file target-v4.csv (CSV, C-alpha atoms)
chain,number,residue,atom,x,y,z
A,16,MET,CA,-17.6,-21.6,-34.8
A,17,SER,CA,-20.8,-20.1,-36.3
A,18,ASP,CA,-20.9,-16.6,-37.8
A,19,ALA,CA,-23.0,-15.5,-34.8
A,20,ARG,CA,-20.3,-16.7,-32.3
A,21,ALA,CA,-17.5,-15.2,-34.3
A,22,ARG,CA,-19.4,-11.9,-34.5
A,23,LEU,CA,-20.0,-12.0,-30.7
A,24,LEU,CA,-16.3,-12.5,-30.1
A,25,SER,CA,-15.5,-9.6,-32.4
A,26,LEU,CA,-18.0,-7.4,-30.6
A,27,LEU,CA,-16.4,-8.3,-27.2
A,28,SER,CA,-12.9,-7.5,-28.6
A,29,LEU,CA,-14.1,-4.1,-29.6
A,30,LEU,CA,-15.8,-3.4,-26.3
A,31,GLN,CA,-12.7,-4.3,-24.4
A,32,THR,CA,-11.1,-1.1,-25.8
A,33,PRO,CA,-11.7,1.5,-23.1
A,34,ARG,CA,-14.0,3.9,-24.9
A,35,LEU,CA,-17.7,4.6,-25.6
A,36,TRP,CA,-18.8,2.9,-28.8
A,37,PRO,CA,-21.7,4.4,-30.7
A,38,GLY,CA,-24.1,1.7,-31.9
A,39,SER,CA,-23.8,2.9,-35.5
A,40,GLU,CA,-20.0,2.5,-35.4
A,41,LEU,CA,-20.3,-1.0,-33.9
A,42,ALA,CA,-22.8,-2.0,-36.6
A,43,GLN,CA,-20.5,-0.7,-39.3
A,44,ARG,CA,-17.4,-2.5,-37.9
A,45,LEU,CA,-19.3,-5.8,-37.7
A,46,GLY,CA,-21.3,-5.4,-40.9
A,47,VAL,CA,-24.7,-5.9,-39.3
A,48,SER,CA,-27.7,-3.8,-38.4
A,49,GLY,CA,-28.2,-1.8,-35.3
A,50,ARG,CA,-30.8,-4.3,-34.1
A,51,THR,CA,-28.3,-7.1,-34.4
A,52,VAL,CA,-25.9,-5.1,-32.3
A,53,ARG,CA,-28.5,-4.6,-29.6
A,54,ARG,CA,-29.3,-8.3,-29.6
A,55,ASP,CA,-25.6,-9.3,-29.3
A,56,ILE,CA,-25.1,-6.8,-26.4
A,57,ASP,CA,-27.9,-8.6,-24.6
A,58,ARG,CA,-26.2,-11.9,-25.2
A,59,LEU,CA,-23.0,-10.6,-23.7
A,60,ARG,CA,-24.9,-9.4,-20.6
A,61,GLU,CA,-26.4,-12.9,-20.2
A,62,LEU,CA,-22.8,-14.3,-20.3
A,63,GLY,CA,-21.8,-12.0,-17.4
A,64,TYR,CA,-20.2,-9.1,-19.3
A,65,PRO,CA,-21.3,-5.8,-17.7
A,66,VAL,CA,-22.1,-3.6,-20.8
A,67,ARG,CA,-23.3,-0.1,-20.0
A,68,ALA,CA,-25.5,1.7,-22.5
A,69,GLU,CA,-25.8,5.5,-22.7
A,70,GLN,CA,-28.7,7.1,-24.5
A,71,GLY,CA,-28.7,10.2,-26.7
A,72,GLY,CA,-26.7,11.6,-29.6
A,73,LEU,CA,-23.4,11.2,-27.7
A,74,GLY,CA,-24.4,7.8,-26.2
A,75,GLY,CA,-23.1,4.3,-26.9
A,76,TYR,CA,-21.9,1.1,-25.3
A,77,GLN,CA,-19.1,0.6,-22.9
A,78,LEU,CA,-17.7,-2.5,-21.1
A,79,THR,CA,-17.5,-1.7,-17.4
A,80,ALA,CA,-16.3,-3.4,-14.2
A,81,GLY,CA,-18.7,-5.9,-12.7
A,82,ALA,CA,-19.1,-8.1,-9.7
A,83,ALA,CA,-17.0,-10.9,-11.2
A,84,MET,CA,-14.1,-11.2,-13.5
A,85,PRO,CA,-15.3,-12.2,-17.0
A,86,PRO,CA,-13.0,-13.9,-19.6
A,87,LEU,CA,-10.9,-11.5,-21.6
A,88,LEU,CA,-9.9,-11.5,-25.3
A,89,LEU,CA,-6.3,-10.6,-26.1
A,90,GLU,CA,-4.7,-9.7,-29.3
A,91,ASP,CA,-1.4,-11.5,-30.1
A,92,ASP,CA,0.9,-8.6,-29.0
A,93,GLU,CA,-1.3,-8.1,-25.9
A,94,ALA,CA,-1.0,-11.8,-24.9
A,95,VAL,CA,2.8,-11.7,-25.3
A,96,ALA,CA,3.0,-8.6,-23.2
A,97,VAL,CA,0.9,-10.1,-20.4
A,98,ALA,CA,3.0,-13.3,-20.4
A,99,ILE,CA,6.2,-11.3,-20.1
A,100,GLY,CA,4.7,-9.1,-17.4
A,101,LEU,CA,3.5,-12.1,-15.4
A,102,ARG,CA,7.0,-13.6,-15.5
A,103,THR,CA,8.4,-10.3,-14.3
A,104,ALA,CA,5.8,-10.1,-11.5
A,105,ALA,CA,6.7,-13.6,-10.4
A,106,ALA,CA,10.1,-12.3,-9.3
A,107,GLN,CA,8.9,-9.2,-7.6
A,108,PRO,CA,9.0,-8.8,-3.8
A,109,VAL,CA,5.3,-8.3,-3.3
A,110,ALA,CA,4.0,-11.0,-0.8
A,111,GLY,CA,1.7,-13.5,-2.5
A,112,VAL,CA,1.9,-11.8,-5.9
A,113,ASP,CA,4.7,-14.1,-7.1
A,114,GLU,CA,2.6,-17.3,-6.6
A,115,ALA,CA,-0.5,-15.7,-8.2
A,116,ALA,CA,1.6,-14.6,-11.2
A,117,VAL,CA,2.9,-18.1,-11.7
A,118,ARG,CA,-0.6,-19.5,-11.6
A,119,ALA,CA,-1.9,-16.9,-14.0
A,120,LEU,CA,1.1,-17.5,-16.3
A,121,ALA,CA,0.4,-21.3,-16.3
A,122,LYS,CA,-3.2,-20.7,-17.4
A,123,LEU,CA,-2.1,-18.3,-20.2
A,124,LEU,CA,0.7,-20.5,-21.5
A,125,GLN,CA,-1.7,-23.5,-21.7
A,126,VAL,CA,-3.9,-21.8,-24.3
A,127,LEU,CA,-1.2,-19.6,-26.0
A,128,PRO,CA,-0.5,-20.7,-29.6
A,129,ALA,CA,2.9,-22.2,-30.2
A,130,ARG,CA,4.0,-19.2,-32.3
A,131,LEU,CA,3.2,-16.8,-29.4
A,132,ARG,CA,4.9,-19.1,-26.9
A,133,ARG,CA,8.1,-19.0,-29.0
A,134,ARG,CA,7.9,-15.2,-28.9
A,135,VAL,CA,7.5,-15.2,-25.1
A,136,ASP,CA,10.4,-17.7,-24.7
A,137,THR,CA,12.6,-15.6,-27.0
A,138,LEU,CA,12.0,-12.4,-25.1
A,139,SER,CA,12.5,-14.1,-21.7
A,140,SER,CA,15.7,-15.9,-22.7
A,141,SER,CA,17.2,-12.6,-23.9
A,142,THR,CA,16.3,-10.7,-20.8
A,143,VAL,CA,18.7,-10.8,-17.9
A,144,ALA,CA,18.0,-9.4,-14.4
A,145,HIS,CA,20.5,-6.8,-13.2
A,146,PRO,CA,22.9,-8.7,-10.7
A,147,PHE,CA,23.2,-5.6,-8.5
A,148,SER,CA,19.5,-5.0,-7.8
A,149,LEU,CA,18.8,-3.9,-4.3
A,150,ALA,CA,17.3,-6.7,-2.1
A,151,GLY,CA,14.2,-5.8,-0.2
A,152,GLU,CA,11.7,-7.4,2.2
A,153,PRO,CA,8.4,-8.5,0.7
A,154,VAL,CA,5.8,-5.8,0.3
A,155,ASP,CA,2.3,-6.4,1.6
A,156,PRO,CA,0.1,-6.3,-1.5
A,157,ASP,CA,-2.7,-4.6,0.5
A,158,THR,CA,-0.2,-1.8,1.4
A,159,LEU,CA,0.7,-1.5,-2.2
A,160,VAL,CA,-2.9,-1.3,-3.3
A,161,VAL,CA,-3.9,1.3,-0.7
A,162,ALA,CA,-0.9,3.4,-1.5
A,163,ALA,CA,-1.5,3.2,-5.2
A,164,ALA,CA,-5.2,4.1,-4.7
A,165,THR,CA,-4.4,7.2,-2.7
A,166,VAL,CA,-1.9,8.4,-5.3
A,167,ALA,CA,-4.5,7.9,-8.1
A,168,ASN,CA,-7.3,9.5,-6.1
A,169,HIS,CA,-5.2,12.4,-4.7
A,170,GLU,CA,-6.2,11.4,-1.2
A,171,ARG,CA,-4.4,11.7,2.1
A,172,LEU,CA,-2.9,8.6,3.8
A,173,ARG,CA,-2.1,7.6,7.3
A,174,PHE,CA,0.2,4.7,8.2
A,175,ARG,CA,2.8,3.5,10.7
A,176,TYR,CA,6.4,3.7,9.7
A,177,ARG,CA,9.0,2.3,12.1
A,178,ASP,CA,6.5,2.5,14.9
A,179,GLU,CA,5.8,6.2,14.2
A,180,GLY,CA,2.5,7.6,12.9
A,181,ARG,CA,2.6,9.4,9.6
A,182,HIS,CA,0.1,11.6,7.9
A,183,VAL,CA,1.0,12.3,4.3
A,184,GLU,CA,-0.2,13.4,0.8
A,185,PRO,CA,1.1,10.6,-1.5
A,186,ARG,CA,2.6,11.8,-4.8
A,187,ALA,CA,4.0,8.6,-6.5
A,188,LEU,CA,5.2,5.1,-6.2
A,189,VAL,CA,8.7,4.4,-7.4
A,190,THR,CA,10.5,1.1,-7.9
A,191,ALA,CA,14.3,0.7,-7.5
A,192,GLY,CA,15.6,-2.8,-8.1
A,193,ARG,CA,13.4,-5.0,-5.9
A,194,ARG,CA,12.3,-2.2,-3.6
A,195,TRP,CA,9.2,0.0,-3.6
A,196,TYR,CA,9.2,3.6,-2.4
A,197,LEU,CA,6.4,6.0,-1.7
A,198,LEU,CA,7.1,9.6,-2.4
A,199,ALA,CA,4.8,11.8,-0.3
A,200,PHE,CA,4.5,15.2,1.4
A,201,ASP,CA,4.7,14.7,5.1
A,202,LEU,CA,2.0,17.0,6.7
A,203,ASP,CA,3.5,16.8,10.2
A,204,ARG,CA,7.0,17.6,9.1
A,205,ASP,CA,6.0,20.0,6.3
A,206,ASP,CA,8.4,18.5,3.8
A,207,TRP,CA,8.8,15.8,1.2
A,208,ARG,CA,9.7,12.3,2.4
A,209,THR,CA,10.5,9.0,0.8
A,210,PHE,CA,9.2,5.8,2.5
A,211,ARG,CA,10.1,2.2,1.9
A,212,LEU,CA,6.9,0.3,1.4
A,213,ASP,CA,8.1,-2.8,3.1
A,214,ARG,CA,8.4,-0.8,6.3
A,215,VAL,CA,4.9,0.7,6.0
A,216,THR,CA,2.1,-0.9,8.2
A,217,LYS,CA,-1.5,-0.2,8.8
A,218,PRO,CA,-2.1,2.1,5.8
A,219,ALA,CA,-5.5,3.8,5.8
A,220,ALA,CA,-6.9,6.3,3.3
A,221,THR,CA,-8.4,9.3,5.1
A,222,GLY,CA,-10.8,10.5,2.4
A,223,ALA,CA,-9.4,14.0,2.7
A,224,ARG,CA,-8.3,15.6,-0.5
A,225,ALA,CA,-4.6,16.0,-1.0
A,226,VAL,CA,-3.2,19.3,-2.2
A,227,ALA,CA,-1.7,19.3,-5.7
A,228,ARG,CA,2.1,19.9,-5.1
A,229,ASP,CA,5.0,20.0,-7.5
A,230,VAL,CA,8.0,17.8,-6.7
A,231,PRO,CA,11.2,19.8,-6.2
A,232,GLY,CA,13.0,19.7,-9.6
A,233,GLY,CA,9.9,18.3,-11.3
A,234,ASP,CA,11.3,14.8,-11.8
A,235,VAL,CA,9.9,12.2,-9.4
A,236,ALA,CA,12.4,9.4,-10.1
A,237,ALA,CA,15.4,11.8,-9.9
A,238,PHE,CA,14.1,13.2,-6.6
A,239,VAL,CA,13.7,9.7,-5.0
A,240,ALA,CA,17.1,8.6,-6.3
A,241,ALA,CA,18.7,11.6,-4.7
A,242,ARG,CA,16.9,11.1,-1.4
A,243,THR,CA,17.8,7.4,-1.3
A,244,LEU,CA,21.4,8.2,-2.1
A,245,GLN,CA,21.5,10.6,0.9
A,246,MET,CA,20.7,7.7,3.2
A,247,ALA,CA,24.2,6.3,2.7
A,248,PRO,CA,27.6,8.1,2.6
A,249,ALA,CA,28.6,9.0,-1.0
A,250,TYR,CA,32.0,9.9,-2.4
A,251,ALA,CA,33.3,11.0,-5.7
A,252,ALA,CA,35.9,8.6,-7.1
A,253,ASP,CA,39.2,9.2,-9.0
A,254,VAL,CA,40.3,6.0,-10.8
A,255,VAL,CA,43.0,5.3,-13.5
A,256,ILE,CA,42.0,2.3,-15.6
A,257,HIS,CA,44.8,0.5,-17.5
A,258,ALA,CA,43.0,0.5,-20.9
A,259,PRO,CA,41.8,3.1,-23.4
A,260,ALA,CA,38.5,4.8,-22.7
A,261,ALA,CA,36.9,3.1,-25.8
A,262,GLN,CA,37.6,-0.4,-24.3
A,263,VAL,CA,36.0,0.6,-21.0
A,264,VAL,CA,32.9,1.9,-22.8
A,265,ASP,CA,32.8,-1.3,-24.8
A,266,ARG,CA,33.0,-3.4,-21.6
A,267,LEU,CA,30.2,-1.5,-20.0
A,268,GLY,CA,28.0,-1.2,-23.1
A,269,GLY,CA,28.1,2.6,-22.7
A,270,PRO,CA,29.9,5.4,-20.9
A,271,PRO,CA,30.0,5.2,-17.1
A,272,PRO,CA,28.6,8.1,-15.1
A,273,GLY,CA,31.0,11.0,-14.7
A,274,THR,CA,33.9,11.7,-17.1
A,275,LEU,CA,36.2,9.2,-18.8
A,276,THR,CA,39.2,10.6,-20.6
A,277,ASP,CA,42.2,9.0,-22.2
A,278,GLN,CA,45.6,9.4,-20.6
A,279,PRO,CA,49.2,8.8,-21.8
A,280,GLY,CA,50.4,5.2,-21.9
A,281,GLY,CA,47.2,3.7,-23.1
A,282,THR,CA,45.3,4.4,-19.8
A,283,CYS,CA,42.2,6.4,-19.0
A,284,ARG,CA,41.0,8.4,-16.0
A,285,TRP,CA,37.5,8.0,-14.6
A,286,LEU,CA,36.2,10.8,-12.5
A,287,ALA,CA,33.0,9.3,-11.0
A,288,PRO,CA,30.2,11.4,-9.4
A,289,PRO,CA,29.4,10.8,-5.7
A,290,ASP,CA,28.2,7.3,-4.9
A,291,THR,CA,28.7,4.7,-2.2
A,292,PRO,CA,32.0,2.8,-2.1
A,293,GLU,CA,30.0,-0.4,-2.7
A,294,TRP,CA,28.6,0.8,-6.0
A,295,HIS,CA,31.9,2.2,-7.2
A,296,ALA,CA,33.5,-1.2,-6.5
A,297,LEU,CA,30.7,-3.0,-8.4
A,298,ARG,CA,31.2,-0.8,-11.4
A,299,LEU,CA,34.9,-1.4,-11.4
A,300,ALA,CA,34.5,-5.1,-11.0
A,301,SER,CA,32.1,-5.2,-14.0
A,302,ILE,CA,34.8,-3.6,-16.2
A,303,GLY,CA,37.2,-6.5,-15.6
A,304,LEU,CA,40.4,-4.4,-16.3
A,305,PRO,CA,43.4,-3.5,-14.1
A,306,PHE,CA,42.9,-0.1,-12.4
A,307,GLU,CA,44.3,2.1,-9.7
A,308,VAL,CA,42.3,4.1,-7.2
A,309,SER,CA,43.6,7.6,-6.4
A,310,GLY,CA,40.6,8.4,-4.1
A,311,PRO,CA,38.6,8.4,-2.0
A,312,PRO,CA,40.3,6.5,0.9
A,313,GLU,CA,36.9,4.9,1.7
A,314,LEU,CA,36.9,3.2,-1.7
A,315,ALA,CA,40.4,2.0,-1.3
A,316,ALA,CA,39.6,0.6,2.2
A,317,HIS,CA,36.5,-1.1,0.8
A,318,LEU,CA,38.4,-2.7,-2.0
A,319,ARG,CA,41.1,-4.0,0.4
A,320,SER,CA,38.5,-5.5,2.8
A,321,THR,CA,36.6,-7.1,-0.1
A,322,ALA,CA,39.9,-8.5,-1.6
A,323,ALA,CA,40.8,-9.9,1.8
A,324,LEU,CA,37.4,-11.7,1.9
A,325,PHE,CA,37.9,-13.2,-1.6
A,326,GLN,CA,41.5,-14.2,-0.8
A,327,ALA,CA,40.5,-15.9,2.4
A,328,ALA,CA,37.7,-17.7,0.6
A,329,THR,CA,40.3,-19.4,-1.7
A,330,ALA,CA,43.1,-19.8,0.8
A,331,GLY,CA,42.3,-23.4,1.6
A,332,PRO,CA,41.0,-25.1,4.8
A,333,ASP,CA,43.2,-23.1,7.2
A,334,ARG,CA,41.5,-19.8,6.3
A,335,GLN,CA,44.5,-17.9,7.6
A,336,GLY,CA,43.1,-14.6,6.3
A,337,LEU,CA,40.1,-14.8,8.6
A,338,ARG,CA,39.8,-13.9,12.3
A,339,GLN,CA,38.2,-16.4,14.7
A,340,ASP,CA,34.9,-14.7,14.3
A,341,GLY,CA,34.9,-15.4,10.5
A,342,VAL,CA,35.5,-11.8,9.5
A,343,ALA,CA,38.4,-10.9,7.2
A,344,ALA,CA,41.3,-9.3,9.0
A,345,PRO,CA,42.0,-5.9,7.6
A,346,GLY,CA,45.4,-5.5,5.9
A,347,PRO,CA,47.6,-2.5,6.2
A,348,VAL,CA,46.5,0.7,4.4
A,349,ARG,CA,49.4,2.7,2.9
A,350,GLY,CA,48.0,6.1,1.9
A,351,THR,CA,44.9,6.4,-0.3
A,352,ARG,CA,46.2,4.5,-3.3
A,353,ALA,CA,45.1,0.9,-4.0
A,354,THR,CA,46.3,-1.1,-6.9
A,355,THR,CA,44.7,-4.2,-8.3
A,356,ALA,CA,46.0,-6.6,-11.0
A,357,THR,CA,42.5,-7.1,-12.2
A,358,ALA,CA,39.1,-5.9,-11.0
A,359,GLY,CA,38.1,-8.0,-8.0
A,360,ALA,CA,41.6,-9.5,-7.5
A,361,ALA,CA,43.6,-9.1,-4.2
A,362,SER,CA,45.9,-6.1,-4.1
A,363,ASP,CA,49.6,-6.5,-3.6

call {"tool": "encode", "arguments": {"input": "target-v4.csv", "output": "structure tokens"}}
result
Amino acid sequence: MSDARARLLSLLSLLQTPRLWPGSELAQRLGVSGRTVRRDIDRLRELGYPVRAEQGGLGGYQLTAGAAMPPLLLEDDEAVAVAIGLRTAAAQPVAGVDEAAVRALAKLLQVLPARLRRRVDTLSSSTVAHPFSLAGEPVDPDTLVVAAATVANHERLRFRYRDEGRHVEPRALVTAGRRWYLLAFDLDRDDWRTFRLDRVTKPAATGARAVARDVPGGDVAAFVAARTLQMAPAYAADVVIHAPAAQVVDRLGGPPPGTLTDQPGGTCRWLAPPDTPEWHALRLASIGLPFEVSGPPELAAHLRSTAALFQAATAGPDRQGLRQDGVAAPGPVRGTRATTATAGAASD
């Protein structure tokens, strides 16, 4: 590569930084004259790069959006970040985006140096998806784009939600597992609402300016988490785990939500904040230690029904633990106390 081509690539790399570059600063960075900078800018424009020039003492050059997507130059860390992001996007529930991400990733890996491919592979192999992520229907990418644009532009939005018309002022998009939520102020109901994007259809920006509003509590993620939790019954849990608290923390990689205190006899008591019985059961199963549930009765019932399903699945071809419709027959419930030999095992 000649010096002129190398200088052109260096100039393009600088212009890809989103800022206005004075011609004198570009000339100093590249070690050339201002005339050479202007000539190289013209060459980039001939290659399809839309470089805008502003005159005056505060003027300079800036790379802007054009009619077509020109090639990009990426630093090493940027290329690795893009590759990791594409692999993550390939697993996201946005219709069509997974295939596009795979195609883009293939193009990137084809030209990625071996040392950078090793970094990508190392990061990917050491990253594990959470097994309890919420499942969700694919989100229409056009819906996602329209919603994101109205949030960024502080613009009102109309759409259909479960066959009902909604007129809202979008505040933020929030991801939870494999689901997307839109947090918005519902103008017809005069209150904040959380909408699942996979259930949103026919979104249309109205062009009307949205009022700047503060989310109750000030934390968007916490507000959406609280609202989604309200959609399902939640209960506080009281569990005695047959192991010291330090062992439980070690199994989980950190303290669980709520309070965990040591008890006599080498056990500990976990007082968990309100959550669904399913999530309490998943946390207990992930600990992998014997435990006893003192409450609530809904958690004890859920553990019994789940244990019956597991027991029936390993009972042999007769499946005596299943009813004719294939559902586990519920066992007797004695009080609110359920005992398991190990997390996930059938209770006695």

call {"tool": "closest_residue", "arguments": {"input": "target-v4.csv", "among": "A:Ala315, A:Val183, A:Ala322, A:Ile56", "to": "Leu202 (chain A)", "atoms": "only C-alpha atoms"}}
result
A:Val183

call {"tool": "closest_residue", "arguments": {"input": "target-v4.csv", "among": "A:Ala236, A:Ala199, A:Glu184, A:Ala252", "to": "Thr221 (chain A)", "atoms": "all atoms listed in the file"}}
result
A:Glu184

call {"tool": "closest_residue", "arguments": {"input": "target-v4.csv", "among": "A:Leu89, A:Val239, A:Ala323, A:Ala260", "to": "Arg208 (chain A)", "atoms": "all atoms listed in the file"}}
result
A:Val239

call {"tool": "closest_residue", "arguments": {"input": "target-v4.csv", "among": "A:Arg181, A:Arg118, A:Arg284, A:Arg298", "to": "Asp253 (chain A)", "atoms": "only C-alpha atoms"}}
result
A:Arg284

call {"tool": "atom_distance", "arguments": {"input": "target-v4.csv", "atom1": "CA of Asp234 (chain A)", "atom2": "CA of Val166 (chain A)"}}
result
16.0 Å

call {"tool": "atom_distance", "arguments": {"input": "target-v4.csv", "atom1": "CA of Arg132 (chain A)", "atom2": "CA of Val95 (chain A)"}}
result
7.9 Å

call {"tool": "closest_residue", "arguments": {"input": "target-v4.csv", "among": "A:Val52, A:Arg228, A:Ala219, A:Arg214", "to": "Ala187 (chain A)", "atoms": "only C-alpha atoms"}}
result
A:Arg228

call {"tool": "residues_around", "arguments": {"input": "target-v4.csv", "residues": "Asn168 (chain A)", "least_positions_apart": "5", "cutoff": "10 Å", "atoms": "all atoms listed in the file", "output": "PyMOL selection string"}}
result
chain A and resi 162-163+185+220+222+224-225

call {"tool": "closest_residue", "arguments": {"input": "target-v4.csv", "among": "A:Val126, A:Leu120, A:Leu131, A:Ala237", "to": "Glu93 (chain A)", "atoms": "only C-alpha atoms"}}
result
A:Leu131

call {"tool": "atom_distance", "arguments": {"input": "target-v4.csv", "atom1": "CA of Arg22 (chain A)", "atom2": "CA of Thr51 (chain A)"}}
result
10.1 Å

call {"tool": "axis_aligned_box", "arguments": {"input": "target-v4.csv", "around": "region 226-235 of chain A", "padding_each_side": "4 Å", "output": "AutoDock Vina command-line options"}}
result
--center_x 4.9 --center_y 16.1 --center_z -7.0 --size_x 24.2 --size_y 15.8 --size_z 17.6

call {"tool": "residues_around", "arguments": {"input": "target-v4.csv", "residues": "region 292-297 of chain A", "least_positions_apart": "5", "cutoff": "7 Å", "atoms": "all atoms listed in the file", "output": "PyMOL selection string"}}
result
chain A and resi 313-314+317-318

call {"tool": "residues_near_point", "arguments": {"input": "target-v4.csv", "point": "(18.7, 10.6, -2.7)", "cutoff": "12 Å", "atoms": "all atoms listed in the file", "output": "PyMOL selection string"}}
result
chain A and resi 191+196+198+207-210+235-249+289-291

call {"tool": "residues_near_point", "arguments": {"input": "target-v4.csv", "point": "(26.2, 15.3, -12.3)", "cutoff": "9 Å", "atoms": "only C-alpha atoms", "output": "PyMOL selection string"}}
result
chain A and resi 272-273+288-289

call {"tool": "residues_around", "arguments": {"input": "target-v4.csv", "residues": "Val263 (chain A)", "least_positions_apart": "5", "cutoff": "12 Å", "atoms": "all atoms listed in the file", "output": "PDB file with C-alpha atoms, keeping the file's coordinate frame"}}
result
ATOM      1  CA  VAL A 255      43.000   5.300 -13.500  1.00  0.00           C
ATOM      2  CA  ILE A 256      42.000   2.300 -15.600  1.00  0.00           C
ATOM      3  CA  HIS A 257      44.800   0.500 -17.500  1.00  0.00           C
ATOM      4  CA  ALA A 258      43.000   0.500 -20.900  1.00  0.00           C
ATOM      5  CA  GLY A 268      28.000  -1.200 -23.100  1.00  0.00           C
ATOM      6  CA  GLY A 269      28.100   2.600 -22.700  1.00  0.00           C
ATOM      7  CA  PRO A 270      29.900   5.400 -20.900  1.00  0.00           C
ATOM      8  CA  PRO A 271      30.000   5.200 -17.100  1.00  0.00           C
ATOM      9  CA  THR A 274      33.900  11.700 -17.100  1.00  0.00           C
ATOM     10  CA  LEU A 275      36.200   9.200 -18.800  1.00  0.00           C
ATOM     11  CA  THR A 276      39.200  10.600 -20.600  1.00  0.00           C
ATOM     12  CA  ASP A 277      42.200   9.000 -22.200  1.00  0.00           C
ATOM     13  CA  GLY A 281      47.200   3.700 -23.100  1.00  0.00           C
ATOM     14  CA  THR A 282      45.300   4.400 -19.800  1.00  0.00           C
ATOM     15  CA  CYS A 283      42.200   6.400 -19.000  1.00  0.00           C
ATOM     16  CA  ARG A 284      41.000   8.400 -16.000  1.00  0.00           C
ATOM     17  CA  TRP A 285      37.500   8.000 -14.600  1.00  0.00           C
ATOM     18  CA  ARG A 298      31.200  -0.800 -11.400  1.00  0.00           C
ATOM     19  CA  LEU A 299      34.900  -1.400 -11.400  1.00  0.00           C
ATOM     20  CA  ALA A 300      34.500  -5.100 -11.000  1.00  0.00           C
ATOM     21  CA  SER A 301      32.100  -5.200 -14.000  1.00  0.00           C
ATOM     22  CA  ILE A 302      34.800  -3.600 -16.200  1.00  0.00           C
ATOM     23  CA  GLY A 303      37.200  -6.500 -15.600  1.00  0.00           C
ATOM     24  CA  LEU A 304      40.400  -4.400 -16.300  1.00  0.00           C
ATOM     25  CA  PRO A 305      43.400  -3.500 -14.100  1.00  0.00           C
ATOM     26  CA  PHE A 306      42.900  -0.100 -12.400  1.00  0.00           C
TER      27      PHE A 306
END
